[in-house]
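Raw start11.csv, CSV, C-alpha atoms:
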chain,number,residue,atom,x,y,z
A,1,MET,CA,135.2,102.9,102.5
A,2,GLN,CA,132.5,105.0,100.9
A,3,ALA,CA,130.0,104.6,98.0
A,4,GLU,CA,128.1,107.2,96.1
A,5,SER,CA,125.3,107.2,93.5
A,6,THR,CA,123.1,109.7,91.7
A,7,PHE,CA,119.8,108.6,90.0
A,8,ASP,CA,116.2,109.7,89.6
A,9,ALA,CA,113.4,108.8,92.0
A,10,MET,CA,110.3,110.4,93.5
A,11,GLY,CA,110.2,112.8,90.5
A,12,SER,CA,113.6,114.2,91.5
A,13,THR,CA,117.3,113.7,91.3
A,14,VAL,CA,118.6,111.6,94.2
A,15,HIS,CA,122.2,111.8,95.6
A,16,LEU,CA,123.3,109.1,98.1
A,17,LEU,CA,126.6,108.9,99.9
A,18,VAL,CA,127.3,106.1,102.4
A,19,ILE,CA,130.4,105.7,104.6
A,20,GLY,CA,131.2,102.4,106.3
A,21,PRO,CA,132.5,98.9,106.0
A,22,ASN,CA,129.7,97.7,103.7
A,23,ALA,CA,129.1,101.0,101.9
A,24,ALA,CA,128.5,99.5,98.5
A,25,ALA,CA,126.0,97.0,99.7
A,26,ASP,CA,124.3,99.6,101.9
A,27,LEU,CA,124.0,101.9,98.9
A,28,ASP,CA,122.2,99.2,96.9
A,29,TRP,CA,119.9,98.6,99.9
A,30,ALA,CA,119.1,102.3,100.2
A,31,ARG,CA,118.2,102.5,96.5
A,32,ALA,CA,115.8,99.6,96.8
A,33,ARG,CA,114.3,101.0,100.1
A,34,LEU,CA,113.7,104.3,98.4
A,35,HIS,CA,111.9,102.5,95.5
A,36,GLU,CA,109.7,100.8,98.1
A,37,LEU,CA,108.8,104.1,99.7
A,38,GLU,CA,108.0,105.7,96.4
A,39,ILE,CA,105.7,102.8,95.4
A,40,ARG,CA,103.8,103.2,98.7
A,41,TRP,CA,103.6,107.0,98.7
A,42,THR,CA,103.2,108.2,95.1
A,43,ARG,CA,99.9,109.9,94.4
A,44,PHE,CA,100.3,109.2,90.7
A,45,SER,CA,99.5,105.5,91.0
A,46,PRO,CA,96.1,104.2,92.0
A,47,ASP,CA,97.7,101.2,93.5
A,48,SER,CA,99.9,103.1,96.0
A,49,GLU,CA,99.0,102.9,99.7
A,50,LEU,CA,98.4,106.6,99.7
A,51,SER,CA,96.0,106.4,96.8
A,52,GLN,CA,94.2,103.4,98.4
A,53,LEU,CA,93.9,105.4,101.7
A,54,ASN,CA,92.5,108.4,99.8
A,55,ALA,CA,90.0,106.2,97.9
A,56,ASN,CA,88.9,104.6,101.1
A,57,ALA,CA,88.1,107.8,103.0
A,58,GLY,CA,85.3,107.3,105.5
A,59,TYR,CA,86.5,103.8,106.3
A,60,PRO,CA,89.6,102.4,108.2
A,61,THR,CA,92.5,101.4,106.0
A,62,MET,CA,95.4,99.3,107.3
A,63,VAL,CA,98.7,100.5,106.0
A,64,SER,CA,102.4,99.7,106.3
A,65,ALA,CA,104.5,101.1,109.2
A,66,ASP,CA,106.1,103.5,106.7
A,67,THR,CA,102.8,104.9,105.5
A,68,TYR,CA,101.5,105.1,109.1
A,69,ARG,CA,104.6,107.1,110.0
A,70,LEU,CA,104.1,109.4,107.0
A,71,VAL,CA,100.5,110.3,107.9
A,72,ASP,CA,101.4,110.6,111.6
A,73,THR,CA,104.3,112.9,110.7
A,74,ALA,CA,102.2,115.0,108.3
A,75,ILE,CA,99.6,115.6,111.1
A,76,THR,CA,102.4,116.5,113.5
A,77,ALA,CA,103.8,119.0,111.0
A,78,TRP,CA,100.3,120.5,110.6
A,79,GLU,CA,99.9,120.8,114.3
A,80,GLN,CA,103.4,122.3,115.0
A,81,THR,CA,103.0,124.9,112.2
A,82,ASN,CA,99.5,125.9,113.3
A,83,GLY,CA,98.2,124.7,109.9
A,84,ARG,CA,100.6,126.6,107.7
A,85,TYR,CA,101.7,123.2,106.4
A,86,ASP,CA,98.6,121.3,105.3
A,87,PRO,CA,98.7,117.8,103.8
A,88,THR,CA,95.0,117.8,102.9
A,89,LEU,CA,95.4,120.1,99.9
A,90,TYR,CA,95.2,117.1,97.6
A,91,ARG,CA,92.0,118.2,95.9
A,92,ALA,CA,93.2,121.8,95.6
A,93,ILE,CA,96.4,120.8,93.7
A,94,ILE,CA,94.4,118.4,91.5
A,95,ASN,CA,91.9,121.2,90.7
A,96,LEU,CA,94.7,123.4,89.7
A,97,GLY,CA,95.8,120.9,87.1
A,98,TYR,CA,98.7,119.1,88.8
A,99,ASP,CA,97.0,115.7,88.6
A,100,ARG,CA,99.9,113.8,86.9
A,101,THR,CA,103.7,113.7,87.2
A,102,PHE,CA,105.2,117.1,86.7
A,103,ALA,CA,107.0,115.9,83.6
A,104,ALA,CA,103.6,115.1,82.0
A,105,ILE,CA,101.6,118.1,83.2
A,106,GLY,CA,101.5,120.1,80.0
A,107,HIS,CA,98.9,122.9,80.0
A,108,PRO,CA,96.0,121.7,82.1
A,109,ALA,CA,92.6,123.3,82.7
A,110,ARG,CA,91.7,124.7,86.1
A,111,ALA,CA,88.6,123.1,87.7
A,112,ALA,CA,85.6,125.3,87.8
A,113,THR,CA,85.2,124.9,91.6
A,114,PRO,CA,88.3,125.6,93.7
A,115,ALA,CA,89.0,123.3,96.6
A,116,ARG,CA,90.6,123.8,100.0
A,117,GLY,CA,92.0,121.5,102.6
A,118,GLY,CA,90.1,118.7,104.3
A,119,ALA,CA,89.3,117.8,107.9
A,120,ILE,CA,92.8,117.0,109.1
A,121,ALA,CA,91.9,117.2,112.8
A,122,ALA,CA,89.3,114.4,112.3
A,123,ILE,CA,91.8,111.9,110.9
A,124,ASP,CA,91.7,108.8,113.1
A,125,LEU,CA,94.9,106.9,113.8
A,126,ASN,CA,95.0,103.4,115.3
A,127,PRO,CA,98.7,102.8,116.2
A,128,GLY,CA,98.1,99.2,117.3
A,129,LEU,CA,96.6,98.2,114.0
A,130,HIS,CA,98.4,100.7,111.8
A,131,ALA,CA,94.9,101.7,110.6
A,132,ILE,CA,94.0,105.2,109.4
A,133,THR,CA,90.5,106.6,108.8
A,134,LEU,CA,90.3,109.7,106.7
A,135,PRO,CA,87.1,111.7,107.1
A,136,THR,CA,84.8,111.5,104.0
A,137,GLY,CA,85.9,114.2,101.6
A,138,THR,CA,89.5,114.4,102.9
A,139,SER,CA,92.4,113.3,100.8
A,140,LEU,CA,96.1,113.5,101.6
A,141,ASP,CA,99.0,114.9,99.5
A,142,PRO,CA,102.0,115.0,101.9
A,143,GLY,CA,103.9,117.0,99.2
A,144,GLY,CA,107.6,117.6,99.9
A,145,ILE,CA,107.3,116.2,103.4
A,146,GLY,CA,107.2,112.8,101.8
A,147,LYS,CA,110.7,113.3,100.4
A,148,GLY,CA,111.9,114.8,103.6
A,149,LEU,CA,110.7,111.9,105.7
A,150,ALA,CA,112.1,109.4,103.1
A,151,ALA,CA,115.5,111.0,103.5
A,152,ASP,CA,115.2,110.7,107.3
A,153,ILE,CA,114.2,107.1,107.1
A,154,LEU,CA,117.0,106.1,104.7
A,155,ALA,CA,119.6,107.9,106.8
A,156,GLU,CA,118.5,106.5,110.1
A,157,GLU,CA,118.1,103.0,108.7
A,158,LEU,CA,121.5,103.1,107.0
A,159,VAL,CA,123.2,103.8,110.4
A,160,ALA,CA,121.1,101.1,112.0
A,161,ARG,CA,122.4,98.7,109.4
A,162,GLY,CA,126.0,99.5,110.4
A,163,ALA,CA,127.0,102.4,108.2
A,164,ASP,CA,129.3,104.9,109.9
A,165,GLY,CA,127.6,107.8,108.2
A,166,ALA,CA,125.2,108.7,105.4
A,167,MET,CA,124.0,111.6,103.3
A,168,VAL,CA,120.7,111.3,101.5
A,169,ASN,CA,119.7,114.1,99.1
A,170,LEU,CA,116.2,113.6,97.6
A,171,GLY,CA,115.6,116.5,95.2
A,172,GLY,CA,117.1,119.1,97.6
A,173,ASP,CA,115.7,117.6,100.8
A,174,ILE,CA,118.9,116.5,102.6
A,175,ARG,CA,119.6,114.5,105.7
A,176,VAL,CA,123.1,113.8,107.0
A,177,ILE,CA,123.9,111.5,109.9
A,178,GLY,CA,127.0,110.0,111.6
A,179,SER,CA,130.6,110.3,110.4
A,180,PRO,CA,131.3,112.5,107.4
A,181,PRO,CA,133.9,111.3,104.8
A,182,ALA,CA,137.4,110.8,106.2
A,183,ASP,CA,138.9,113.9,104.7
A,184,ALA,CA,136.1,116.2,106.0
A,185,THR,CA,135.5,117.8,109.4
A,186,GLY,CA,131.7,117.8,108.9
A,187,TRP,CA,129.0,117.6,106.3
A,188,THR,CA,129.5,120.4,103.8
A,189,ILE,CA,126.3,121.4,101.9
A,190,SER,CA,125.7,124.0,99.2
A,191,VAL,CA,122.4,125.7,98.6
A,192,ALA,CA,121.7,126.8,95.0
A,193,ASP,CA,120.7,130.3,94.2
A,194,PRO,CA,117.0,130.0,93.2
A,195,PHE,CA,117.3,132.6,90.4
A,196,ASP,CA,120.5,131.0,89.0
A,197,PRO,CA,120.9,127.4,90.1
A,198,ASP,CA,124.5,127.3,88.8
A,199,GLN,CA,125.4,129.8,91.4
A,200,GLU,CA,125.7,129.3,95.2
A,201,LEU,CA,123.4,131.0,97.7
A,202,LEU,CA,124.9,129.5,100.8
A,203,ARG,CA,127.6,127.0,101.8
A,204,ILE,CA,127.5,125.5,105.3
A,205,GLU,CA,129.0,122.7,107.4
A,206,ILE,CA,126.9,120.8,109.9
A,207,PRO,CA,127.8,117.9,112.2
A,208,ALA,CA,124.4,116.3,111.5
A,209,GLY,CA,120.9,117.4,110.6
A,210,ALA,CA,118.9,118.4,107.6
A,211,VAL,CA,118.4,121.0,104.9
A,212,ALA,CA,115.3,121.6,102.7
A,213,THR,CA,114.5,124.2,100.1
A,214,SER,CA,111.2,125.2,98.6
A,215,SER,CA,110.8,127.6,95.7
A,216,ARG,CA,107.9,129.0,93.7
A,217,LEU,CA,110.3,129.3,90.7
A,218,GLU,CA,110.2,125.5,90.3
A,219,ARG,CA,107.3,123.3,89.3
A,220,GLN,CA,105.4,126.1,87.6
A,221,TRP,CA,102.9,125.5,84.8
A,222,THR,CA,100.6,127.5,82.6
A,223,ASN,CA,97.0,126.5,82.4
A,224,THR,CA,94.6,126.8,79.5
A,225,ALA,CA,93.6,130.2,80.6
A,226,GLY,CA,97.2,131.4,80.5
A,227,GLU,CA,97.5,131.6,84.3
A,228,ARG,CA,101.1,130.9,85.6
A,229,LEU,CA,100.7,128.6,88.6
A,230,HIS,CA,103.1,126.9,91.0
A,231,HIS,CA,102.9,124.1,93.5
A,232,ILE,CA,103.2,125.8,96.9
A,233,LEU,CA,99.6,126.4,98.1
A,234,ASP,CA,98.2,128.7,100.8
A,235,PRO,CA,96.1,126.5,103.1
A,236,HIS,CA,93.7,129.4,103.7
A,237,THR,CA,92.8,129.7,100.0
A,238,GLY,CA,93.8,126.5,98.3
A,239,GLU,CA,95.5,128.8,95.7
A,240,PRO,CA,99.3,129.2,94.9
A,241,VAL,CA,101.0,131.4,97.5
A,242,ASP,CA,101.2,134.9,96.1
A,243,ASN,CA,103.5,137.0,98.3
A,244,ASP,CA,107.0,138.5,98.4
A,245,ILE,CA,108.9,135.2,98.8
A,246,ALA,CA,110.7,133.4,95.9
A,247,ALA,CA,112.4,130.6,97.9
A,248,VAL,CA,113.1,129.4,101.4
A,249,THR,CA,115.8,127.2,102.7
A,250,VAL,CA,115.7,125.8,106.3
A,251,ILE,CA,118.3,123.9,108.3
A,252,ALA,CA,116.8,121.8,111.1
A,253,GLY,CA,117.4,118.5,112.9
A,254,GLU,CA,115.3,116.3,110.6
A,255,ALA,CA,114.4,116.7,106.9
A,256,TRP,CA,110.6,116.3,107.3
A,257,TRP,CA,110.6,119.2,109.8
A,258,ALA,CA,112.9,121.4,107.7
A,259,GLU,CA,110.5,120.8,104.7
A,260,ALA,CA,107.4,121.7,106.8
A,261,LEU,CA,109.1,124.9,108.0
A,262,THR,CA,109.8,126.0,104.5
A,263,LYS,CA,106.1,125.8,103.8
A,264,ALA,CA,105.2,127.6,107.0
A,265,ILE,CA,107.6,130.4,106.3
A,266,PHE,CA,106.4,130.6,102.7
A,267,THR,CA,102.8,131.2,103.7
A,268,ASN,CA,103.9,133.8,106.3
A,269,GLY,CA,105.8,136.1,103.8
A,270,VAL,CA,109.1,137.8,104.4
A,271,ASP,CA,108.0,139.9,107.3
A,272,GLY,CA,108.0,137.8,110.5
A,273,GLY,CA,108.9,134.6,108.7
A,274,LEU,CA,112.3,134.2,110.4
A,275,ASP,CA,111.2,135.4,113.8
A,276,GLN,CA,109.0,132.3,114.2
A,277,LEU,CA,111.9,129.8,114.2
A,278,ALA,CA,113.4,128.1,117.2
A,279,ASN,CA,116.0,125.4,116.9
A,280,ALA,CA,116.2,126.1,113.2
A,281,SER,CA,118.1,128.4,110.7
A,282,ALA,CA,116.7,129.8,107.5
A,283,VAL,CA,117.4,132.0,104.5
A,284,ILE,CA,114.6,133.6,102.5
A,285,VAL,CA,115.2,135.0,99.0
A,286,ASP,CA,112.5,137.5,98.1
A,287,ARG,CA,111.1,138.1,94.6
A,288,SER,CA,113.5,141.0,94.2
A,289,GLY,CA,116.5,138.7,94.9
A,290,HIS,CA,117.2,140.1,98.3
A,291,ARG,CA,118.4,137.7,101.0
A,292,HIS,CA,117.0,137.5,104.6
A,293,ALA,CA,118.9,135.1,106.9
A,294,THR,CA,118.9,134.1,110.5
A,295,PRO,CA,122.0,135.6,112.1
A,296,ASP,CA,123.9,132.3,112.2
A,297,LEU,CA,123.7,132.0,108.4
A,298,GLU,CA,124.8,135.5,107.5
A,299,SER,CA,128.5,134.6,107.3
A,300,ALA,CA,127.7,131.6,105.1
A,301,LEU,CA,125.9,133.6,102.4
A,302,ARG,CA,127.9,133.6,99.1
B,1,MET,CA,101.8,108.7,125.6
B,2,THR,CA,102.4,108.9,121.9
B,3,ASP,CA,105.5,110.4,120.5
B,4,ARG,CA,103.4,113.2,119.0
B,5,ALA,CA,101.8,114.0,122.3
B,6,ALA,CA,105.2,114.1,123.9
B,7,SER,CA,106.7,116.3,121.3
B,8,ARG,CA,103.7,118.6,121.6
B,9,ILE,CA,104.4,119.0,125.3
B,10,LEU,CA,108.1,119.8,124.6
B,11,VAL,CA,107.1,122.3,122.0
B,12,THR,CA,104.6,123.9,124.3
B,13,GLY,CA,107.4,124.3,126.8
B,14,LEU,CA,109.6,126.0,124.2
B,15,SER,CA,106.8,128.3,123.1
B,16,VAL,CA,106.1,129.3,126.7
B,17,ALA,CA,109.8,129.9,127.2
B,18,ALA,CA,110.0,132.1,124.1
B,19,THR,CA,106.9,134.0,125.2
B,20,LEU,CA,108.3,134.5,128.7
B,21,SER,CA,111.6,135.6,127.3
B,22,LEU,CA,109.9,138.2,125.2
B,23,ALA,CA,107.8,139.4,128.1
B,24,THR,CA,111.0,139.7,130.3
B,25,ALA,CA,112.7,141.7,127.5
B,26,MET,CA,109.8,144.0,127.1
B,27,ALA,CA,109.5,144.6,130.9
B,28,SER,CA,113.3,145.4,131.0
B,29,SER,CA,112.9,147.8,128.2
B,30,GLN,CA,110.0,149.5,130.0
B,31,GLU,CA,112.1,149.9,133.1
B,32,ASN,CA,115.0,151.4,131.2
B,33,GLU,CA,113.0,153.9,129.2
B,34,SER,CA,110.5,154.7,132.0
B,35,GLN,CA,107.7,154.8,129.4
B,36,PRO,CA,104.5,153.0,129.2
B,37,ALA,CA,104.8,149.8,127.2
B,38,ALA,CA,102.3,147.7,125.4
B,39,ALA,CA,101.2,144.5,127.0
B,40,PRO,CA,103.5,141.6,126.1
B,41,ALA,CA,102.5,139.9,122.9
B,42,SER,CA,102.4,136.2,122.5
B,43,VAL,CA,104.8,135.1,119.7
B,44,GLU,CA,103.9,132.2,117.5
B,45,VAL,CA,107.0,130.0,117.4
B,46,PHE,CA,107.5,126.9,115.4
B,47,ALA,CA,109.8,124.7,117.3
B,48,LEU,CA,110.8,121.0,117.7
B,49,PRO,CA,113.7,119.7,119.8
B,50,GLY,CA,117.0,119.2,118.0
B,51,SER,CA,119.0,122.3,117.2
B,52,VAL,CA,121.8,122.1,114.5
B,53,ALA,CA,125.2,123.9,114.9
B,54,VAL,CA,125.7,125.6,111.6
B,55,SER,CA,129.0,127.1,110.4
B,56,ALA,CA,130.2,128.7,107.3
B,57,THR,CA,132.8,126.9,105.3
B,58,THR,CA,134.9,127.2,102.2
B,59,GLN,CA,135.5,123.5,101.9
B,60,PRO,CA,134.1,121.8,98.8
B,61,ALA,CA,130.4,120.9,99.1
B,62,LEU,CA,129.4,117.2,99.2
B,63,THR,CA,126.0,117.9,97.8
B,64,THR,CA,123.6,120.8,96.9
B,65,SER,CA,120.1,121.7,98.1
B,66,HIS,CA,118.0,123.1,95.4
B,67,ALA,CA,114.2,123.4,95.0
B,68,SER,CA,112.6,120.7,93.0

Written form, structure tokens:
Amino acid sequence: MQAESTFDAMGSTVHLLVIGPNAAADLDWARARLHELEIRWTRFSPDSELSQLNANAGYPTMVSADTYRLVDTAITAWEQTNGRYDPTLYRAIINLGYDRTFAAIGHPARAATPARGGAIAAIDLNPGLHAITLPTGTSLDPGGIGKGLAADILAEELVARGADGAMVNLGGDIRVIGSPPADATGWTISVADPFDPDQELLRIEIPAGAVATSSRLERQWTNTAGERLHHILDPHTGEPVDNDIAAVTVIAGEAWWAEALTKAIFTNGVDGGLDQLANASAVIVDRSGHRHATPDLESALR
Amino acid sequence: MTDRAASRILVTGLSVAATLSLATAMASSQENESQPAAAPASVEVFALPGSVAVSATTQPALTTSHAS
């Protein structure tokens, strides 16, 4: 038995597929669980745990196990990418005008003073109390890693509840786990061409794992000065990345890590970006439309 | 030991392995070409445990990854 649903959450389109004896009930549970994570992690509500944590910088804040895991995971991603993924660019993205949901962004003004990341190495985690202390002046915006981790959590918890297999696609951040549908030999996933989303860039089959895609061609806005900006920021400058990459897709074991790697590759540029991967596969589409893939993906390019 | 500390040790091991592999390859190249070679460089590798076996397919896709 399998159950499937598509709906909107976390500012994106969500696609869930559950295989198992209680698939329909598990699907309903997953939708509610995702809503719970969104309420805890959105930066667009002052009542979310993330907003409360940011507002309380300088003092310990007790958070749920989910939010503790989110912050711990974000710090891990920062460490493992040598800072090329940086979750403390909250003030930088706000200063660039992305201070509300993307659907409502309009044509914002850029703040007079640019902002960079915060003091991530000084964040204090107390695992016993689930307490987090952000340094004064540091605010967190986990960005896409929040969707990646949410996909991981839903997939893992669906299997823990008794599902035989699950696919969670949160706006392009995908995690698959367990048994695929009965008529399939594995989980088949398509990756859209960033220049023409109706066309395929790649089609792969994996036994389990995750896929994430980041593109500078999405979530773009024009500010009052006529500057065309996008949401992928360079941690060194706090400004939108301006290099030869248009989009990056990464396949890795877990979605949070795949998402972090897309940002790390993005800030590196085309040259050398793929050489820095181990235990992961990737394809870069540059701004001229040329494709650069790890060898294991070359036969899957469309 | 926290999970993060444990994973860091694992990643450090992978990075060291990658660096040693590069150094070995460069030393082998030096022997074959009998020419001076630059000192082995340290490669920055982003790695966590858990590789994924990827294969191309023509079967219909169950879902699509796109930037959002």

Length of the atom CA of Asp86 of chain A to atom CA of Tyr68 of chain A vector [Å]:
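Computing it gives 16.9 Å between the two atoms.
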
List every residue of chain B that has an atom at most 8 Å from any atom of chain A, and for each one report the closest atom pair and its distance in Å to one decimal, counting all atoms listed in the file, with rows sorted by chain and then by increasing residue number, as a tab-separated table.
residue	atom	partner	partner_atom	distance
B:Arg4	CA	A:Thr76	CA	6.5
B:Arg8	CA	A:Gln80	CA	7.6
B:Val11	CA	A:Gln80	CA	7.9
B:Val43	CA	A:Gln276	CA	7.5
B:Glu44	CA	A:Gln276	CA	6.1
B:Val45	CA	A:Gln276	CA	4.4
B:Phe46	CA	A:Leu277	CA	5.4
B:Ala47	CA	A:Ala278	CA	5.0
B:Leu48	CA	A:Asn279	CA	6.9
B:Pro49	CA	A:Asn279	CA	6.8
B:Gly50	CA	A:Gly253	CA	5.2
B:Ser51	CA	A:Asn279	CA	4.3
B:Val52	CA	A:Gly253	CA	5.9
B:Ala53	CA	A:Ile206	CA	6.1
B:Val54	CA	A:Ile206	CA	5.2
B:Ser55	CA	A:Glu205	CA	5.3
B:Ala56	CA	A:Ala300	CA	4.4
B:Thr57	CA	A:Ile204	CA	5.5
B:Thr58	CA	A:Arg203	CA	7.3
B:Gln59	CA	A:Thr188	CA	7.0
B:Pro60	CA	A:Thr188	CA	6.9
B:Ala61	CA	A:Thr188	CA	4.8
B:Leu62	CA	A:Thr188	CA	5.6
B:Thr63	CA	A:Ile189	CA	5.4
B:Thr64	CA	A:Ser190	CA	4.5
B:Ser65	CA	A:Gly172	CA	4.0
B:His66	CA	A:Gly172	CA	4.7
B:Ala67	CA	A:Ser214	CA	5.0
B:Ser68	CA	A:Gly171	CA	5.6

What separation in Å, quoted to one decimal, exists between atom CA of Ala121 of chain A and atom CA of Glu38 of chain A?
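Spanning atom CA of Ala121 of chain A to atom CA of Glu38 of chain A is a straight-line distance of 25.7 Å.
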
Just the number, please: distance in Å from atom CA of Gly117 of chain A to atom CA of Tyr98 of chain A, one decimal.
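About the pair atom CA of Gly117 of chain A and atom CA of Tyr98 of chain A: they are 15.5 Å apart.
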
Nearest to Leu53 of chain A, chosen from A:Val14, A:Ile19, A:Ile105, A:Leu134, with all atoms listed in the file counted in the distances:
A:Leu134
